[in-house]
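Structure file start31.pdb (PDB, C-alpha atoms, pLDDT in the B column) is printed below.
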ATOM      1  CA  THR A  25      67.215 -58.455 -45.278  1.00 94.00           C
ATOM      2  CA  GLN A  26      64.795 -55.605 -45.624  1.00 97.00           C
ATOM      3  CA  THR A  27      63.077 -54.287 -42.482  1.00 96.00           C
ATOM      4  CA  ILE A  28      59.972 -52.246 -42.879  1.00 95.00           C
ATOM      5  CA  THR A  29      58.924 -50.525 -39.644  1.00 94.00           C
ATOM      6  CA  ILE A  30      55.347 -49.359 -39.528  1.00 92.00           C
ATOM      7  CA  VAL A  31      54.624 -46.707 -36.898  1.00 91.00           C
ATOM      8  CA  ASP A  32      51.579 -44.747 -35.830  1.00 90.00           C
ATOM      9  CA  THR A  33      52.586 -41.361 -34.447  1.00 90.00           C
ATOM     10  CA  THR A  34      49.589 -39.379 -35.607  1.00 93.00           C
ATOM     11  CA  GLY A  35      46.939 -38.477 -33.102  1.00 93.00           C
ATOM     12  CA  PRO A  36      43.279 -38.802 -33.953  1.00 95.00           C
ATOM     13  CA  GLU A  37      41.433 -36.012 -35.583  1.00 96.00           C
ATOM     14  CA  LEU A  38      38.992 -34.601 -33.021  1.00 96.00           C
ATOM     15  CA  PHE A  39      35.742 -32.748 -33.715  1.00 97.00           C
ATOM     16  CA  VAL A  40      34.576 -30.870 -30.574  1.00 97.00           C
ATOM     17  CA  PRO A  41      31.105 -29.291 -30.140  1.00 97.00           C
ATOM     18  CA  PRO A  42      31.315 -25.509 -30.452  1.00 97.00           C
ATOM     19  CA  SER A  43      31.392 -23.322 -27.391  1.00 97.00           C
ATOM     20  CA  TYR A  44      28.237 -21.317 -26.657  1.00 97.00           C
ATOM     21  CA  GLU A  45      26.534 -19.062 -24.153  1.00 96.00           C
ATOM     22  CA  ALA A  46      23.278 -19.772 -22.324  1.00 96.00           C
ATOM     23  CA  ASP A  47      20.998 -18.213 -19.764  1.00 95.00           C
ATOM     24  CA  CYS A  48      20.642 -20.000 -16.442  1.00 95.00           C
ATOM     25  CA  THR A  49      17.039 -20.810 -17.309  1.00 93.00           C
ATOM     26  CA  GLN A  50      17.951 -22.614 -20.525  1.00 94.00           C
ATOM     27  CA  GLU A  51      18.606 -26.316 -20.865  1.00 94.00           C
ATOM     28  CA  LEU A  52      22.235 -27.149 -21.631  1.00 95.00           C
ATOM     29  CA  PHE A  53      22.937 -29.389 -24.606  1.00 95.00           C
ATOM     30  CA  LEU A  54      25.969 -31.547 -23.875  1.00 96.00           C
ATOM     31  CA  PHE A  55      26.803 -32.975 -27.264  1.00 96.00           C
ATOM     32  CA  ASP A  56      29.458 -35.646 -27.734  1.00 96.00           C
ATOM     33  CA  ALA A  57      32.689 -35.077 -29.614  1.00 97.00           C
ATOM     34  CA  LEU A  58      33.650 -37.121 -32.675  1.00 97.00           C
ATOM     35  CA  ALA A  59      37.056 -38.492 -33.605  1.00 96.00           C
ATOM     36  CA  SER A  60      38.679 -40.382 -36.452  1.00 95.00           C
ATOM     37  CA  ASP A  61      42.127 -41.889 -36.695  1.00 92.00           C
ATOM     38  CA  ASN A  62      44.324 -42.613 -39.674  1.00 91.00           C
ATOM     39  CA  CYS A  63      45.087 -46.158 -38.600  1.00 92.00           C
ATOM     40  CA  SER A  64      42.780 -47.389 -35.844  1.00 88.00           C
ATOM     41  CA  ASN A  65      39.830 -46.622 -33.726  1.00 90.00           C
ATOM     42  CA  ALA A  66      39.852 -43.702 -31.323  1.00 93.00           C
ATOM     43  CA  GLU A  67      38.348 -43.642 -27.851  1.00 95.00           C
ATOM     44  CA  ILE A  68      37.045 -40.349 -26.452  1.00 97.00           C
ATOM     45  CA  ILE A  69      36.803 -39.431 -22.807  1.00 97.00           C
ATOM     46  CA  VAL A  70      35.442 -36.149 -21.461  1.00 97.00           C
ATOM     47  CA  GLU A  71      36.182 -34.300 -18.239  1.00 97.00           C
ATOM     48  CA  GLU A  72      34.070 -31.403 -16.943  1.00 97.00           C
ATOM     49  CA  SER A  73      35.066 -28.543 -14.661  1.00 97.00           C
ATOM     50  CA  TYR A  74      33.085 -25.582 -13.374  1.00 96.00           C
ATOM     51  CA  ASP A  75      34.294 -22.060 -12.691  1.00 96.00           C
ATOM     52  CA  TYR A  76      31.612 -20.167 -10.743  1.00 95.00           C
ATOM     53  CA  THR A  77      31.272 -16.419 -10.452  1.00 93.00           C
ATOM     54  CA  CYS A  78      28.033 -16.882  -8.469  1.00 93.00           C
ATOM     55  CA  ASN A  79      25.544 -19.680  -7.881  1.00 89.00           C
ATOM     56  CA  ASN A  80      23.924 -19.369 -11.295  1.00 92.00           C
ATOM     57  CA  SER A  81      26.743 -17.900 -13.393  1.00 96.00           C
ATOM     58  CA  TYR A  82      29.623 -20.137 -14.335  1.00 96.00           C
ATOM     59  CA  VAL A  83      31.776 -21.474 -17.153  1.00 97.00           C
ATOM     60  CA  LEU A  84      31.537 -25.204 -17.834  1.00 97.00           C
ATOM     61  CA  THR A  85      34.724 -26.426 -19.474  1.00 98.00           C
ATOM     62  CA  ARG A  86      34.449 -29.802 -21.231  1.00 98.00           C
ATOM     63  CA  THR A  87      37.840 -31.289 -22.104  1.00 98.00           C
ATOM     64  CA  PHE A  88      37.710 -34.080 -24.702  1.00 98.00           C
ATOM     65  CA  THR A  89      40.646 -36.430 -25.102  1.00 97.00           C
ATOM     66  CA  ALA A  90      40.742 -38.770 -28.127  1.00 97.00           C
ATOM     67  CA  THR A  91      43.233 -41.663 -27.884  1.00 96.00           C
ATOM     68  CA  ASP A  92      44.061 -44.174 -30.619  1.00 95.00           C
ATOM     69  CA  ASP A  93      45.326 -47.724 -30.174  1.00 93.00           C
ATOM     70  CA  CYS A  94      48.924 -46.536 -30.080  1.00 94.00           C
ATOM     71  CA  GLY A  95      48.310 -44.003 -27.358  1.00 94.00           C
ATOM     72  CA  ASN A  96      48.450 -40.972 -29.575  1.00 94.00           C
ATOM     73  CA  GLN A  97      46.159 -38.305 -28.159  1.00 96.00           C
ATOM     74  CA  THR A  98      44.367 -35.196 -29.318  1.00 96.00           C
ATOM     75  CA  VAL A  99      42.780 -32.808 -26.844  1.00 97.00           C
ATOM     76  CA  GLY A 100      39.973 -30.328 -27.523  1.00 97.00           C
ATOM     77  CA  THR A 101      37.943 -28.024 -25.309  1.00 98.00           C
ATOM     78  CA  GLN A 102      34.379 -26.740 -25.329  1.00 98.00           C
ATOM     79  CA  GLU A 103      33.306 -23.864 -23.058  1.00 98.00           C
ATOM     80  CA  ILE A 104      29.673 -23.304 -22.115  1.00 97.00           C
ATOM     81  CA  THR A 105      29.173 -19.918 -20.466  1.00 97.00           C
ATOM     82  CA  VAL A 106      26.057 -19.814 -18.285  1.00 97.00           C
ATOM     83  CA  SER A 107      24.935 -16.431 -16.996  1.00 96.00           C
ATOM     84  CA  ASP A 108      22.232 -15.017 -14.741  1.00 96.00           C
ATOM     85  CA  THR A 109      21.429 -11.457 -15.823  1.00 93.00           C
ATOM     86  CA  THR A 110      17.737 -11.380 -14.957  1.00 95.00           C
ATOM     87  CA  ALA A 111      16.692  -9.505 -11.827  1.00 96.00           C
ATOM     88  CA  PRO A 112      14.042 -10.930  -9.484  1.00 97.00           C
ATOM     89  CA  GLU A 113      10.391  -9.963  -9.886  1.00 97.00           C
ATOM     90  CA  PHE A 114       8.217  -8.781  -7.011  1.00 98.00           C
ATOM     91  CA  THR A 115       5.121 -10.895  -6.522  1.00 97.00           C
ATOM     92  CA  PHE A 116       3.755  -8.614  -3.798  1.00 98.00           C
ATOM     93  CA  VAL A 117       4.514  -5.067  -2.681  1.00 98.00           C
ATOM     94  CA  PRO A 118       2.378  -3.540   0.103  1.00 98.00           C
ATOM     95  CA  ALA A 119       0.056  -0.876  -1.256  1.00 98.00           C
ATOM     96  CA  ASP A 120       0.413   2.803  -0.445  1.00 98.00           C
ATOM     97  CA  TYR A 121      -2.015   4.038   2.183  1.00 98.00           C
ATOM     98  CA  THR A 122      -2.967   7.045   4.281  1.00 97.00           C
ATOM     99  CA  ALA A 123      -3.740   6.652   7.983  1.00 97.00           C
ATOM    100  CA  GLU A 124      -4.544   8.770  10.997  1.00 96.00           C
ATOM    101  CA  CYS A 125      -1.566   9.214  13.308  1.00 94.00           C
ATOM    102  CA  SER A 126      -3.386   7.372  16.089  1.00 93.00           C
ATOM    103  CA  ASP A 127      -4.358   4.388  13.915  1.00 94.00           C
ATOM    104  CA  GLU A 128      -2.467   1.152  13.351  1.00 92.00           C
ATOM    105  CA  HIS A 129       0.281   1.433  10.732  1.00 94.00           C
ATOM    106  CA  PRO A 130       0.805  -2.057   9.246  1.00 96.00           C
ATOM    107  CA  MET A 131       4.329  -2.693   7.959  1.00 96.00           C
ATOM    108  CA  ASP A 132       3.738  -5.659   5.674  1.00 97.00           C
ATOM    109  CA  ASP A 133       6.597  -7.486   3.973  1.00 97.00           C
ATOM    110  CA  ALA A 134       7.164  -7.754   0.231  1.00 98.00           C
ATOM    111  CA  SER A 135       7.778 -11.012  -1.659  1.00 98.00           C
ATOM    112  CA  ALA A 136       9.650 -11.815  -4.859  1.00 98.00           C
ATOM    113  CA  THR A 137      10.746 -14.702  -7.079  1.00 97.00           C
ATOM    114  CA  ASP A 138      13.784 -15.249  -9.266  1.00 96.00           C
ATOM    115  CA  ASN A 139      14.143 -17.164 -12.506  1.00 93.00           C
ATOM    116  CA  CYS A 140      17.126 -19.203 -11.309  1.00 94.00           C
ATOM    117  CA  GLY A 141      17.633 -19.137  -7.563  1.00 90.00           C
ATOM    118  CA  GLU A 142      16.891 -17.764  -4.143  1.00 93.00           C
ATOM    119  CA  VAL A 143      15.949 -14.145  -3.408  1.00 96.00           C
ATOM    120  CA  SER A 144      16.762 -11.984  -0.405  1.00 97.00           C
ATOM    121  CA  ILE A 145      14.659  -8.887   0.279  1.00 98.00           C
ATOM    122  CA  SER A 146      15.872  -5.893   2.257  1.00 98.00           C
ATOM    123  CA  VAL A 147      13.851  -2.829   3.220  1.00 98.00           C
ATOM    124  CA  GLU A 148      14.970   0.700   3.994  1.00 98.00           C
ATOM    125  CA  GLU A 149      12.589   3.108   5.723  1.00 98.00           C
ATOM    126  CA  VAL A 150      12.892   6.896   5.529  1.00 98.00           C
ATOM    127  CA  THR A 151      10.603   9.148   7.576  1.00 97.00           C
ATOM    128  CA  THR A 152       9.999  12.641   6.204  1.00 97.00           C
ATOM    129  CA  PRO A 153       8.479  15.138   8.669  1.00 96.00           C
ATOM    130  CA  GLY A 154       5.432  17.104   7.613  1.00 94.00           C
ATOM    131  CA  ALA A 155       4.115  20.480   8.670  1.00 91.00           C
ATOM    132  CA  CYS A 156       3.347  19.350  12.212  1.00 92.00           C
ATOM    133  CA  ALA A 157       4.117  16.567  14.680  1.00 88.00           C
ATOM    134  CA  GLY A 158       1.249  14.324  13.574  1.00 92.00           C
ATOM    135  CA  ASP A 159       1.922  14.654   9.833  1.00 95.00           C
ATOM    136  CA  TYR A 160       4.764  12.696   8.237  1.00 97.00           C
ATOM    137  CA  THR A 161       5.539  10.298   5.411  1.00 98.00           C
ATOM    138  CA  ILE A 162       7.234   6.898   5.620  1.00 98.00           C
ATOM    139  CA  THR A 163       8.916   5.763   2.408  1.00 98.00           C
ATOM    140  CA  ARG A 164       9.757   2.040   2.382  1.00 98.00           C
ATOM    141  CA  THR A 165      12.136   0.936  -0.374  1.00 98.00           C
ATOM    142  CA  PHE A 166      12.238  -2.819  -0.943  1.00 98.00           C
ATOM    143  CA  THR A 167      15.223  -4.354  -2.761  1.00 98.00           C
ATOM    144  CA  ALA A 168      15.026  -7.933  -4.036  1.00 98.00           C
ATOM    145  CA  THR A 169      18.475  -9.400  -4.825  1.00 97.00           C
ATOM    146  CA  ASP A 170      19.304 -12.798  -6.286  1.00 96.00           C
ATOM    147  CA  ASP A 171      22.427 -14.907  -5.728  1.00 93.00           C
ATOM    148  CA  CYS A 172      24.241 -13.169  -8.590  1.00 95.00           C
ATOM    149  CA  GLY A 173      23.585  -9.628  -7.415  1.00 95.00           C
ATOM    150  CA  ASN A 174      20.804  -8.782  -9.855  1.00 96.00           C
ATOM    151  CA  ALA A 175      18.398  -6.482  -8.031  1.00 97.00           C
ATOM    152  CA  THR A 176      14.933  -4.962  -8.378  1.00 98.00           C
ATOM    153  CA  THR A 177      13.508  -2.184  -6.217  1.00 98.00           C
ATOM    154  CA  ALA A 178       9.951  -1.166  -5.347  1.00 98.00           C
ATOM    155  CA  THR A 179       8.588   1.554  -3.088  1.00 98.00           C
ATOM    156  CA  GLN A 180       5.665   1.845  -0.680  1.00 98.00           C
ATOM    157  CA  THR A 181       4.577   5.268   0.590  1.00 98.00           C
ATOM    158  CA  ILE A 182       2.708   5.550   3.891  1.00 98.00           C
ATOM    159  CA  THR A 183       1.174   8.967   4.552  1.00 98.00           C
ATOM    160  CA  ILE A 184       0.399   9.711   8.203  1.00 97.00           C
ATOM    161  CA  VAL A 185      -1.970  12.590   8.933  1.00 97.00           C
ATOM    162  CA  ASP A 186      -3.486  14.250  11.979  1.00 96.00           C
ATOM    163  CA  THR A 187      -7.021  15.402  11.216  1.00 95.00           C
ATOM    164  CA  THR A 188      -8.532  14.717  14.638  1.00 95.00           C
ATOM    165  CA  ALA A 189      -9.256  17.671  16.902  1.00 96.00           C
ATOM    166  CA  PRO A 190      -8.480  17.497  20.623  1.00 97.00           C
ATOM    167  CA  VAL A 191     -11.088  16.389  23.148  1.00 97.00           C
ATOM    168  CA  LEU A 192     -11.904  19.388  25.336  1.00 97.00           C
ATOM    169  CA  THR A 193     -13.319  19.313  28.886  1.00 97.00           C
ATOM    170  CA  ILE A 194     -14.496  22.641  30.308  1.00 97.00           C
ATOM    171  CA  PRO A 195     -15.928  23.855  33.634  1.00 97.00           C
ATOM    172  CA  ALA A 196     -19.698  23.603  33.977  1.00 97.00           C
ATOM    173  CA  ASP A 197     -22.003  26.576  33.592  1.00 97.00           C
ATOM    174  CA  TYR A 198     -23.217  28.090  36.872  1.00 97.00           C
ATOM    175  CA  THR A 199     -25.246  30.922  38.316  1.00 96.00           C
ATOM    176  CA  ALA A 200     -23.970  32.851  41.333  1.00 96.00           C
ATOM    177  CA  GLU A 201     -24.963  35.784  43.451  1.00 95.00           C
ATOM    178  CA  CYS A 202     -22.966  38.873  42.694  1.00 93.00           C
ATOM    179  CA  SER A 203     -21.528  38.800  46.201  1.00 91.00           C
ATOM    180  CA  ASP A 204     -20.440  35.153  46.020  1.00 92.00           C
ATOM    181  CA  GLU A 205     -17.134  33.684  44.861  1.00 91.00           C
ATOM    182  CA  HIS A 206     -16.909  33.314  41.099  1.00 93.00           C
ATOM    183  CA  PRO A 207     -14.482  30.421  40.400  1.00 94.00           C
ATOM    184  CA  MET A 208     -12.682  30.669  37.069  1.00 95.00           C
ATOM    185  CA  ASP A 209     -11.549  27.093  36.652  1.00 96.00           C
ATOM    186  CA  ASP A 210      -9.301  26.023  33.805  1.00 97.00           C
ATOM    187  CA  ALA A 211     -10.269  23.646  31.013  1.00 97.00           C
ATOM    188  CA  SER A 212      -8.352  20.479  30.096  1.00 97.00           C
ATOM    189  CA  ALA A 213      -7.844  18.660  26.811  1.00 97.00           C
ATOM    190  CA  THR A 214      -6.280  15.552  25.328  1.00 96.00           C
ATOM    191  CA  ASP A 215      -5.156  14.838  21.761  1.00 95.00           C
ATOM    192  CA  ASN A 216      -4.733  11.594  19.834  1.00 92.00           C
ATOM    193  CA  CYS A 217      -1.223  12.371  18.627  1.00 92.00           C
ATOM    194  CA  GLY A 218       0.480  15.320  20.269  1.00 87.00           C
ATOM    195  CA  GLU A 219       0.502  18.258  22.599  1.00 92.00           C
ATOM    196  CA  VAL A 220      -2.465  20.602  23.102  1.00 96.00           C
ATOM    197  CA  SER A 221      -2.558  24.319  23.866  1.00 96.00           C
ATOM    198  CA  ILE A 222      -5.692  25.850  25.395  1.00 97.00           C
ATOM    199  CA  SER A 223      -6.683  29.491  25.058  1.00 97.00           C
ATOM    200  CA  VAL A 224      -9.647  31.228  26.693  1.00 98.00           C
ATOM    201  CA  GLU A 225     -11.500  34.382  25.712  1.00 98.00           C
ATOM    202  CA  GLU A 226     -13.833  36.064  28.234  1.00 97.00           C
ATOM    203  CA  VAL A 227     -16.663  38.402  27.280  1.00 97.00           C
ATOM    204  CA  THR A 228     -18.799  40.181  29.915  1.00 96.00           C
ATOM    205  CA  THR A 229     -22.319  41.153  28.907  1.00 96.00           C
ATOM    206  CA  PRO A 230     -24.104  43.695  31.179  1.00 96.00           C
ATOM    207  CA  GLY A 231     -27.575  42.857  32.471  1.00 92.00           C
ATOM    208  CA  ALA A 232     -30.504  45.022  33.562  1.00 91.00           C
ATOM    209  CA  CYS A 233     -28.663  46.396  36.596  1.00 92.00           C
ATOM    210  CA  ALA A 234     -25.172  46.664  37.983  1.00 89.00           C
ATOM    211  CA  GLY A 235     -25.336  43.360  39.832  1.00 91.00           C
ATOM    212  CA  ASP A 236     -26.647  41.369  36.872  1.00 95.00           C
ATOM    213  CA  TYR A 237     -24.247  40.342  34.121  1.00 96.00           C
ATOM    214  CA  THR A 238     -23.083  37.312  32.169  1.00 97.00           C
ATOM    215  CA  ILE A 239     -19.512  36.087  31.634  1.00 97.00           C
ATOM    216  CA  THR A 240     -19.035  33.985  28.525  1.00 98.00           C
ATOM    217  CA  ARG A 241     -15.774  32.018  28.545  1.00 98.00           C
ATOM    218  CA  THR A 242     -14.842  30.509  25.172  1.00 98.00           C
ATOM    219  CA  PHE A 243     -12.145  27.802  25.413  1.00 98.00           C
ATOM    220  CA  THR A 244     -10.232  26.680  22.311  1.00 98.00           C
ATOM    221  CA  ALA A 245      -8.001  23.580  22.370  1.00 98.00           C
ATOM    222  CA  THR A 246      -5.554  23.405  19.440  1.00 97.00           C
ATOM    223  CA  ASP A 247      -3.122  20.605  18.604  1.00 96.00           C
ATOM    224  CA  ASP A 248       0.218  20.820  16.755  1.00 93.00           C
ATOM    225  CA  CYS A 249      -1.488  20.381  13.391  1.00 94.00           C
ATOM    226  CA  GLY A 250      -3.995  23.187  13.920  1.00 95.00           C
ATOM    227  CA  ASN A 251      -7.008  20.973  14.606  1.00 96.00           C
ATOM    228  CA  ALA A 252      -9.153  22.819  17.106  1.00 97.00           C
ATOM    229  CA  THR A 253     -12.145  22.234  19.378  1.00 98.00           C
ATOM    230  CA  THR A 254     -14.151  25.062  20.933  1.00 98.00           C
ATOM    231  CA  ALA A 255     -16.523  24.987  23.905  1.00 98.00           C
ATOM    232  CA  THR A 256     -18.204  27.706  25.939  1.00 98.00           C
ATOM    233  CA  GLN A 257     -18.880  28.137  29.654  1.00 98.00           C
ATOM    234  CA  THR A 258     -21.553  30.612  30.714  1.00 98.00           C
ATOM    235  CA  ILE A 259     -21.410  32.194  34.170  1.00 97.00           C
ATOM    236  CA  THR A 260     -24.566  34.084  35.121  1.00 97.00           C
ATOM    237  CA  ILE A 261     -24.158  36.658  37.896  1.00 97.00           C
ATOM    238  CA  VAL A 262     -27.360  37.856  39.562  1.00 97.00           C
ATOM    239  CA  ASP A 263     -28.338  40.244  42.308  1.00 95.00           C
ATOM    240  CA  THR A 264     -31.343  38.833  44.156  1.00 94.00           C
ATOM    241  CA  THR A 265     -30.428  40.022  47.639  1.00 93.00           C
ATOM    242  CA  ALA A 266     -32.246  43.049  49.051  1.00 93.00           C
ATOM    243  CA  PRO A 267     -30.240  45.729  50.872  1.00 92.00           C
ATOM    244  CA  GLU A 268     -29.808  45.612  54.619  1.00 94.00           C
ATOM    245  CA  PHE A 269     -30.336  48.743  56.765  1.00 94.00           C
ATOM    246  CA  THR A 270     -27.279  49.669  58.738  1.00 95.00           C
ATOM    247  CA  PHE A 271     -29.093  52.412  60.672  1.00 96.00           C
ATOM    248  CA  VAL A 272     -32.765  53.201  61.294  1.00 95.00           C
ATOM    249  CA  PRO A 273     -33.666  56.224  63.517  1.00 93.00           C
ATOM    250  CA  ALA A 274     -35.314  55.162  66.753  1.00 93.00           C
ATOM    251  CA  ASP A 275     -38.985  55.661  67.397  1.00 92.00           C
ATOM    252  CA  TYR A 276     -39.815  58.629  69.690  1.00 91.00           C
ATOM    253  CA  THR A 277     -42.784  60.596  71.039  1.00 91.00           C
ATOM    254  CA  ILE A 278     -42.959  64.390  71.183  1.00 91.00           C
ATOM    255  CA  GLU A 279     -45.492  67.031  72.009  1.00 90.00           C
ATOM    256  CA  CYS A 280     -47.343  68.410  69.069  1.00 88.00           C
ATOM    257  CA  ASP A 281     -45.822  71.840  69.524  1.00 87.00           C
ATOM    258  CA  GLN A 282     -42.263  70.556  69.600  1.00 87.00           C
ATOM    259  CA  GLU A 283     -39.955  70.621  66.568  1.00 84.00           C
ATOM    260  CA  LEU A 284     -39.546  67.302  64.787  1.00 77.00           C
TER     261      LEU A 284
END

I need this file expressed as structure tokens, please.
Amino acid sequence: TQTITIVDTTGPELFVPPSYEADCTQELFLFDALASDNCSNAEIIVEESYDYTCNNSYVLTRTFTATDDCGNQTVGTQEITVSDTTAPEFTFVPADYTAECSDEHPMDDASATDNCGEVSISVEEVTTPGACAGDYTITRTFTATDDCGNATTATQTITIVDTTAPVLTIPADYTAECSDEHPMDDASATDNCGEVSISVEEVTTPGACAGDYTITRTFTATDDCGNATTATQTITIVDTTAPEFTFVPADYTIECDQEL
């Protein structure tokens, strides 16, 4: 008796698609593997697993297993590395502008898009003082960040100025007798953005006589930024009252030969 035992212990020969890298925006090509066996047909199954570093960056591992009729197996692996390296792009950034300190200061939002996913936008505001209380600069730095940490920044500069002078209210002009009271009332002022200081300068101009003269009061209201408003009050002092006798000798009659 001769016994010839035929065995199949050789696994199939497996041809796996090559590994490759792709951007998250690219279409992935999932090619099939090929297999051949020395004695029979080979069946191929594939299993896929994902290893994420972020929402749009990951490694796709495709494990191919080729099995022949006798259960011999050959395993091969393909890795597809998908990455997101592109930062978002701003679709709108508020324009720089200059505004008066008392005006509205709109703080509009920015917007952005990303090539592969969602975008979050943060804003940081830094206020830089100027030369006075009503002058300053607001720098707004917008940062657009995608799910994988890629970021883009943009800046808006808002320049606030104070060019408006205070509104000054002064006492009315008047004319008074030199013997009357001469009120020296104060002026008042308001400003659109800050505090106001008021100074007054008085100049006396002599008239035609001692009781006639003019007082010119010049008020100046100045805000923190040096904007100033000036107004003048004129006080006219007159002497229109005749003197009054305090003593008049009495009438009398004497003889013509008497001494006066």

Atomic separation - atom CA of A:Thr98 relative to atom CA of A:Thr29, Å: 23.5 Å

Would you translate the PyMOL selection byres ((chain A and resi 122-126) around 7) into the concrete set of residues it matches in this file, as a short mmCIF file (atom, residue, chain, number, x, y, z; two decimals) with C-alpha atoms, keeping the file's coordinate frame?
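What ended up in part-v1.cif:
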data_model
loop_
_atom_site.label_atom_id
_atom_site.label_comp_id
_atom_site.auth_asym_id
_atom_site.auth_seq_id
_atom_site.Cartn_x
_atom_site.Cartn_y
_atom_site.Cartn_z
CA TYR A 121 -2.02 4.04 2.18
CA ASP A 127 -4.36 4.39 13.92
CA GLU A 128 -2.47 1.15 13.35
CA GLY A 158 1.25 14.32 13.57
CA ILE A 182 2.71 5.55 3.89
CA THR A 183 1.17 8.97 4.55
CA ILE A 184 0.40 9.71 8.20
CA VAL A 185 -1.97 12.59 8.93
CA ASP A 186 -3.49 14.25 11.98
CA ASN A 216 -4.73 11.59 19.83
CA CYS A 217 -1.22 12.37 18.63
#

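Look at A:Ala213: the protein and nucleic acid residues within 10 Å of it, using all atoms listed in the file and passing over chain neighbours fewer than 4 places away, are Pro190, Val191, Leu192, Thr193, Ile194, Glu219, Val220, Ser221, Ile222, Thr244, Ala245, Thr246, Asp247 and Thr253 of chain A.
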
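Among the candidate residues A:Ala211, A:Ala90, A:Ile259, A:Ala66, the one lying nearest to A:Thr199 is A:Ile259, with distances computed using all atoms listed in the file.
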
Residues selected by the PyMOL selection byres ((chain A and resi 204) around 12), written as a ChimeraX atom specification: /A:198-203,205-207,235,260-265

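Atom CA of A:Ala155 is found 10.0 Å from atom CA of A:Gly250.
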
Atom-to-atom span, atom CA of A:Thr228 and atom CA of A:Thr254, Å: 18.2 Å

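Distances to A:Thr188 were evaluated for A:Thr270, A:Asn251, A:Gln97, A:Asn62 using all atoms listed in the file, and the minimum falls at A:Asn251.
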
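Near A:Gly141, within 8 Å and counting only C-alpha atoms, sit Asn79, Asn80, Asp138, Asn139, Val143, Asp170 and Asp171 of chain A; same-chain residues fewer than 2 positions away were not included.
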
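Among the candidate residues A:Thr177, A:Thr115, A:Thr151, A:Thr101, the one lying nearest to A:Asp56 is A:Thr101, with distances computed using only C-alpha atoms.
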
I'd like the neighbourhood of A:Asp197 as an mmCIF file with C-alpha atoms, keeping the file's coordinate frame, where a residue qualifies if any of its atoms comes within 10 Å (using only C-alpha atoms), though same-chain residues fewer than 4 positions away should be ignored.
data_model
loop_
_atom_site.group_PDB
_atom_site.id
_atom_site.type_symbol
_atom_site.label_atom_id
_atom_site.label_comp_id
_atom_site.auth_asym_id
_atom_site.auth_seq_id
_atom_site.Cartn_x
_atom_site.Cartn_y
_atom_site.Cartn_z
ATOM 1 C CA THR A 240 -19.035 33.985 28.525
ATOM 2 C CA ARG A 241 -15.774 32.018 28.545
ATOM 3 C CA THR A 256 -18.204 27.706 25.939
ATOM 4 C CA GLN A 257 -18.880 28.137 29.654
ATOM 5 C CA THR A 258 -21.553 30.612 30.714
ATOM 6 C CA ILE A 259 -21.410 32.194 34.170
ATOM 7 C CA THR A 260 -24.566 34.084 35.121
#
